[in-house]
Amino acid sequence: MEAVAARARVSRATASRVVNGRTTVDPGIRDAVLRAVEELGYVPNSAARSLVTRQTDSIALVVSEPPTRVFSDDPLFSLVIRTVSSELEVSGKQVVLMLAGSPQAQAKVESYVAGGHVDGVMFVSMHGADPLPGAIARMGVPVVSYGRPAVAVDLPYADNDNVGGAEQAVRHLLGTGRRRIATIAGPQDMTAGQDRLTGYRDALRSSDRRSIVAVGDFTRASGATAMRHLLEDDPGLDAVFAANDLMAVGALQTLRKAGRRVPDDVAVVGFDDIEAATFTDPPLTTVRHPVVEQATAMVELVLTPAGPHGSRHVILPTELVLRDSA
């Protein structure tokens, strides 16, 4: 900065104002400083700047899953990461991806944030009584959750209408005459799994039908296993609502192996509307989960700390997408 100021024949303070984008500088002086910046190849020292501004221009995206889960065939993780990165880039910030799928990894995340390396934290895929969000929130760092958090910590969050979407899916199955409707529920230590099971039960309760429940972990393999158990427990079931599309894909595989025709014998509905839902055999009826919009809302929340009235929550609508499986 001293060299830039000397080359432009201005004070260091003036050169700093130009480099930092201040508009209260004479246009001629501004042009001289920018020419000096270009001639000298000057690049601002972000580490030094952060000491002054106490801003790192970095936001942590903490995924509470092991690497094998994050980098598996679940496209939602990659879509969230891609959306968050793009939205932060527009705001002049960068994302720091951190995986917190074990106590050791959680301790490293907590230490990193406590060291002042990021300006905010976004949590994705939290499970149960995860202590990390509360610990970081107590540091005074802005914290936001992708989905309603299961922990007893008042955090801003962006979510979708999991209850309403699941209820709409099951009501569709009831409306097509299905009588024995099972569900492959998601993990019950995650609010998405809890809420989609609640929506399923609410729809059946209103029609005086009994619940038939198996639980998976949002993976394709767990959907296949859960479907097998459901057929063993109730061979007469004629429909299944899976709490995400990957489990629905697994269910389709099991039904095919069991000689059950979809949708003639068993109708299948998923949740998320991932790209693969259009390529299953038959194409999957599902509930569209607005992933991009939800991730964008999460970024907006972390960049704009909650006001005096406490945490803010965004809940986005879902949409039933009808295809050939139900």
# chains A, B, ... in the order shown; residues from 1 in each chain; ligands from 1
$ select_by_dssp --residues "range 9-167 of chain A" --states "strand (DSSP E or B)" --output "ChimeraX atom specification"
/A:58-63,94-99,120-124,143-146,157-160
$ select_by_dssp --residues "range 108-224 of chain A" --states "alpha helix (DSSP H)" --output "NGL selection string"
:A and (108-114 or 132-137 or 162-175 or 191-206 or 220-224)
$ write_last_selection --atoms "N, CA and C atoms" --output "CSV table (one decimal), in the first residue's frame"
chain,number,residue,atom,x,y,z
A,108,LYS,N,-12.8,-30.3,16.0
A,108,LYS,CA,-12.0,-29.5,15.1
A,108,LYS,C,-12.8,-28.3,14.5
A,109,VAL,N,-14.0,-28.5,14.2
A,109,VAL,CA,-14.9,-27.4,13.7
A,109,VAL,C,-15.0,-26.4,14.8
A,110,GLU,N,-15.3,-26.8,16.0
A,110,GLU,CA,-15.5,-25.8,17.1
A,110,GLU,C,-14.2,-25.0,17.3
A,111,SER,N,-13.1,-25.7,17.3
A,111,SER,CA,-11.8,-25.0,17.5
A,111,SER,C,-11.5,-24.0,16.3
A,112,TYR,N,-11.8,-24.4,15.1
A,112,TYR,CA,-11.6,-23.5,14.0
A,112,TYR,C,-12.5,-22.3,14.0
A,113,VAL,N,-13.7,-22.4,14.4
A,113,VAL,CA,-14.6,-21.3,14.5
A,113,VAL,C,-14.2,-20.4,15.6
A,114,ALA,N,-13.8,-21.0,16.8
A,114,ALA,CA,-13.4,-20.2,17.9
A,114,ALA,C,-12.2,-19.4,17.6
A,132,LEU,N,-22.8,-29.1,18.8
A,132,LEU,CA,-22.0,-28.2,18.1
A,132,LEU,C,-22.7,-26.9,17.8
A,133,PRO,N,-24.0,-26.9,17.3
A,133,PRO,CA,-24.6,-25.6,17.0
A,133,PRO,C,-24.7,-24.7,18.3
A,134,GLY,N,-25.1,-25.3,19.4
A,134,GLY,CA,-25.2,-24.5,20.6
A,134,GLY,C,-23.8,-23.9,21.0
A,135,ALA,N,-22.8,-24.7,20.9
A,135,ALA,CA,-21.5,-24.3,21.3
A,135,ALA,C,-21.0,-23.1,20.5
A,136,ILE,N,-21.3,-23.2,19.2
A,136,ILE,CA,-20.9,-22.1,18.3
A,136,ILE,C,-21.7,-20.9,18.4
A,137,ALA,N,-23.0,-21.1,18.6
A,137,ALA,CA,-23.9,-19.9,18.9
A,137,ALA,C,-23.5,-19.1,20.1
A,162,ASN,N,-42.2,-29.9,5.1
A,162,ASN,CA,-42.0,-31.4,5.1
A,162,ASN,C,-43.4,-32.0,5.5
A,163,VAL,N,-44.0,-31.5,6.5
A,163,VAL,CA,-45.3,-32.1,7.0
A,163,VAL,C,-46.3,-32.0,5.8
A,164,GLY,N,-46.5,-30.8,5.3
A,164,GLY,CA,-47.5,-30.6,4.3
A,164,GLY,C,-47.2,-31.4,3.0
A,165,GLY,N,-45.9,-31.5,2.6
A,165,GLY,CA,-45.6,-32.2,1.4
A,165,GLY,C,-45.9,-33.7,1.6
A,166,ALA,N,-45.5,-34.2,2.7
A,166,ALA,CA,-45.8,-35.7,3.0
A,166,ALA,C,-47.3,-35.9,3.0
A,167,GLU,N,-48.0,-35.0,3.7
A,167,GLU,CA,-49.5,-35.2,3.7
A,167,GLU,C,-50.1,-35.2,2.3
A,168,GLN,N,-49.6,-34.3,1.5
A,168,GLN,CA,-50.1,-34.2,0.1
A,168,GLN,C,-49.9,-35.5,-0.7
A,169,ALA,N,-48.7,-36.0,-0.5
A,169,ALA,CA,-48.3,-37.3,-1.2
A,169,ALA,C,-49.3,-38.4,-0.8
A,170,VAL,N,-49.5,-38.5,0.5
A,170,VAL,CA,-50.4,-39.6,1.0
A,170,VAL,C,-51.8,-39.4,0.6
A,171,ARG,N,-52.3,-38.1,0.6
A,171,ARG,CA,-53.7,-37.9,0.2
A,171,ARG,C,-53.8,-38.2,-1.3
A,172,HIS,N,-52.8,-38.0,-2.0
A,172,HIS,CA,-52.9,-38.4,-3.5
A,172,HIS,C,-53.1,-39.9,-3.6
A,173,LEU,N,-52.3,-40.7,-2.8
A,173,LEU,CA,-52.5,-42.1,-2.8
A,173,LEU,C,-53.9,-42.6,-2.4
A,174,LEU,N,-54.4,-41.9,-1.3
A,174,LEU,CA,-55.7,-42.2,-0.9
A,174,LEU,C,-56.8,-41.9,-2.0
A,175,GLY,N,-56.5,-40.8,-2.7
A,175,GLY,CA,-57.4,-40.4,-3.7
A,175,GLY,C,-57.5,-41.3,-4.9
A,191,THR,N,-35.1,-33.7,11.8
A,191,THR,CA,-36.4,-33.2,11.8
A,191,THR,C,-37.1,-33.5,10.4
A,192,ALA,N,-36.4,-33.6,9.3
A,192,ALA,CA,-37.0,-33.9,8.1
A,192,ALA,C,-37.7,-35.3,8.2
A,193,GLY,N,-37.0,-36.2,8.8
A,193,GLY,CA,-37.5,-37.6,9.0
A,193,GLY,C,-38.7,-37.5,9.9
A,194,GLN,N,-38.7,-36.8,11.0
A,194,GLN,CA,-39.8,-36.7,11.9
A,194,GLN,C,-41.0,-36.0,11.2
A,195,ASP,N,-40.8,-34.9,10.5
A,195,ASP,CA,-41.9,-34.1,10.0
A,195,ASP,C,-42.6,-34.9,8.8
A,196,ARG,N,-41.8,-35.6,8.0
A,196,ARG,CA,-42.4,-36.3,6.9
A,196,ARG,C,-43.2,-37.5,7.4
A,197,LEU,N,-42.8,-38.1,8.5
A,197,LEU,CA,-43.6,-39.2,9.2
A,197,LEU,C,-44.9,-38.6,9.8
A,198,THR,N,-44.8,-37.4,10.3
A,198,THR,CA,-46.0,-36.7,10.9
A,198,THR,C,-47.0,-36.4,9.8
A,199,GLY,N,-46.5,-35.9,8.6
A,199,GLY,CA,-47.4,-35.7,7.5
A,199,GLY,C,-48.1,-36.9,7.1
A,200,TYR,N,-47.4,-38.0,7.0
A,200,TYR,CA,-47.9,-39.3,6.6
A,200,TYR,C,-49.0,-39.8,7.6
A,201,ARG,N,-48.7,-39.7,8.8
A,201,ARG,CA,-49.7,-40.1,9.9
A,201,ARG,C,-50.9,-39.2,9.9
A,202,ASP,N,-50.7,-37.9,9.7
A,202,ASP,CA,-51.9,-37.0,9.7
A,202,ASP,C,-52.8,-37.3,8.6
A,203,ALA,N,-52.3,-37.6,7.4
A,203,ALA,CA,-53.2,-37.9,6.3
A,203,ALA,C,-53.9,-39.2,6.5
A,204,LEU,N,-53.3,-40.2,7.1
A,204,LEU,CA,-54.0,-41.5,7.3
A,204,LEU,C,-55.0,-41.4,8.4
A,205,ARG,N,-54.7,-40.6,9.4
A,205,ARG,CA,-55.6,-40.4,10.6
A,205,ARG,C,-56.9,-39.8,10.1
A,206,SER,N,-56.8,-38.9,9.2
A,206,SER,CA,-58.1,-38.3,8.7
A,206,SER,C,-58.9,-39.2,7.9
A,220,ARG,N,-30.3,-45.3,-0.5
A,220,ARG,CA,-31.0,-46.2,-1.4
A,220,ARG,C,-31.0,-47.6,-0.8
A,221,ALA,N,-29.9,-48.0,-0.2
A,221,ALA,CA,-29.8,-49.4,0.4
A,221,ALA,C,-30.8,-49.5,1.5
A,222,SER,N,-31.0,-48.5,2.3
A,222,SER,CA,-31.9,-48.6,3.4
A,222,SER,C,-33.4,-48.7,2.9
A,223,GLY,N,-33.6,-48.0,1.8
A,223,GLY,CA,-35.0,-48.0,1.2
A,223,GLY,C,-35.3,-49.4,0.7
A,224,ALA,N,-34.3,-50.1,0.1
A,224,ALA,CA,-34.5,-51.4,-0.4
A,224,ALA,C,-34.8,-52.4,0.8
$ residues_around --residues "Ala242 in chain A" --least-positions-apart "2" --cutoff "6 Å" --atoms "only C-alpha atoms" --output "compact mmCIF listing (two decimals) with C-alpha atoms, in the first residue's frame"
# COMPACT_ATOMS: atom_id res chain seq x y z
CA THR A 183 -44.15 -45.46 4.63
CA ILE A 184 -40.38 -45.73 4.63
CA ASN A 244 -36.89 -39.29 0.11
CA ALA A 248 -37.97 -44.73 -3.09
CA GLY A 270 -40.93 -40.24 -3.02
$ closest_atom_pairs --of "range 62-105 of chain A" --to "range 280-297 of chain A" --cutoff "9 Å" --atoms "only C-alpha atoms" --output "JSON lines"
{"residue": "A:Leu76", "atom": "CA", "partner": "A:Val291", "partner_atom": "CA", "distance": 7.3}
{"residue": "A:Leu79", "atom": "CA", "partner": "A:Val292", "partner_atom": "CA", "distance": 7.2}
{"residue": "A:Val80", "atom": "CA", "partner": "A:Ala295", "partner_atom": "CA", "distance": 5.9}
{"residue": "A:Ile81", "atom": "CA", "partner": "A:Ala295", "partner_atom": "CA", "distance": 8.4}
{"residue": "A:Thr83", "atom": "CA", "partner": "A:Val292", "partner_atom": "CA", "distance": 6.2}
{"residue": "A:Val84", "atom": "CA", "partner": "A:Ala295", "partner_atom": "CA", "distance": 6.2}
{"residue": "A:Glu87", "atom": "CA", "partner": "A:Thr296", "partner_atom": "CA", "distance": 6.7}
$ closest_residue --among "A:Leu40, A:Pro187, A:Leu301, A:Glu232" --to "Val215 in chain A" --atoms "only C-alpha atoms"
A:Pro187
$ atom_distance --atom1 "CA of Thr68 in chain A" --atom2 "CA of Val299 in chain A"
25.0 Å
$ closest_residue --among "A:Ala36, A:Thr304, A:Phe279, A:Gly250" --to "Asp119 in chain A" --atoms "only C-alpha atoms"
A:Thr304
$ decode --residues "range 234-321 of chain A" --atoms "C-alpha atoms" --output "compact mmCIF listing (two decimals), in the first residue's frame"
# COMPACT_ATOMS: atom_id res chain seq x y z
CA ASP A 234 -47.82 -56.82 5.33
CA PRO A 235 -47.90 -58.61 1.95
CA GLY A 236 -51.20 -56.91 1.10
CA LEU A 237 -49.94 -53.33 1.10
CA ASP A 238 -50.76 -51.50 -2.11
CA ALA A 239 -48.81 -48.23 -1.76
CA VAL A 240 -45.70 -46.82 -0.11
CA PHE A 241 -44.59 -43.27 0.62
CA ALA A 242 -40.81 -43.02 0.93
CA ALA A 243 -39.46 -40.02 2.83
CA ASN A 244 -36.89 -39.29 0.11
CA ASP A 245 -36.30 -40.27 -3.49
CA LEU A 246 -33.21 -42.38 -2.86
CA MET A 247 -35.17 -44.65 -0.53
CA ALA A 248 -37.97 -44.73 -3.09
CA VAL A 249 -35.48 -45.91 -5.73
CA GLY A 250 -34.39 -48.69 -3.36
CA ALA A 251 -38.03 -49.60 -2.78
CA LEU A 252 -38.63 -49.86 -6.54
CA GLN A 253 -35.73 -52.29 -6.83
CA THR A 254 -37.11 -54.51 -4.07
CA LEU A 255 -40.61 -54.45 -5.53
CA ARG A 256 -39.27 -55.47 -8.94
CA LYS A 257 -37.35 -58.38 -7.42
CA ALA A 258 -40.48 -59.44 -5.51
CA GLY A 259 -42.50 -59.51 -8.74
CA ARG A 260 -44.71 -56.57 -7.72
CA ARG A 261 -45.76 -54.27 -10.56
CA VAL A 262 -45.56 -50.51 -10.02
CA PRO A 263 -48.05 -48.90 -9.89
CA ASP A 264 -50.50 -51.74 -10.68
CA ASP A 265 -49.78 -53.74 -7.52
CA VAL A 266 -47.97 -51.15 -5.38
CA ALA A 267 -47.87 -47.39 -5.98
CA VAL A 268 -44.71 -45.55 -4.90
CA VAL A 269 -44.22 -41.87 -4.04
CA GLY A 270 -40.93 -40.24 -3.02
CA PHE A 271 -39.83 -36.86 -1.69
CA ASP A 272 -37.23 -34.37 -3.06
CA ASP A 273 -37.63 -34.64 -6.87
CA ILE A 274 -33.98 -35.39 -7.58
CA GLU A 275 -32.97 -35.64 -11.24
CA ALA A 276 -32.89 -39.44 -11.08
CA ALA A 277 -36.63 -39.47 -10.31
CA THR A 278 -37.37 -38.90 -13.99
CA PHE A 279 -35.20 -41.87 -15.03
CA THR A 280 -36.54 -44.60 -12.73
CA ASP A 281 -38.70 -47.37 -14.15
CA PRO A 282 -41.43 -46.22 -13.96
CA PRO A 283 -40.69 -42.49 -13.50
CA LEU A 284 -41.20 -41.55 -9.87
CA THR A 285 -44.09 -39.51 -8.51
CA THR A 286 -42.56 -37.34 -5.81
CA VAL A 287 -42.75 -34.16 -3.75
CA ARG A 288 -40.52 -31.38 -5.03
CA HIS A 289 -38.19 -30.05 -2.35
CA PRO A 290 -36.97 -26.53 -3.31
CA VAL A 291 -33.29 -27.22 -2.54
CA VAL A 292 -31.80 -24.22 -4.37
CA GLU A 293 -34.28 -21.77 -2.86
CA GLN A 294 -33.77 -23.22 0.61
CA ALA A 295 -29.97 -23.02 0.37
CA THR A 296 -30.24 -19.45 -0.95
CA ALA A 297 -32.47 -18.47 1.96
CA MET A 298 -29.95 -19.99 4.37
CA VAL A 299 -27.18 -17.82 2.91
CA GLU A 300 -29.34 -14.72 3.22
CA LEU A 301 -30.02 -15.51 6.87
CA VAL A 302 -26.36 -16.00 7.78
CA LEU A 303 -25.34 -12.77 6.03
CA THR A 304 -28.09 -10.80 7.80
CA PRO A 305 -27.98 -11.50 11.55
CA ALA A 306 -31.31 -11.83 13.35
CA GLY A 307 -32.90 -8.63 14.58
CA PRO A 308 -34.05 -7.73 18.11
CA HIS A 309 -37.07 -10.05 17.95
CA GLY A 310 -34.96 -13.20 17.83
CA SER A 311 -34.38 -15.86 15.22
CA ARG A 312 -36.00 -15.78 11.81
CA HIS A 313 -37.33 -18.82 10.05
CA VAL A 314 -38.08 -19.40 6.36
CA ILE A 315 -40.39 -22.27 5.38
CA LEU A 316 -40.80 -22.84 1.64
CA PRO A 317 -43.73 -24.61 -0.04
CA THR A 318 -43.44 -28.03 -1.66
CA GLU A 319 -45.17 -29.37 -4.78
CA LEU A 320 -46.43 -32.82 -5.71
CA VAL A 321 -45.00 -33.92 -9.08
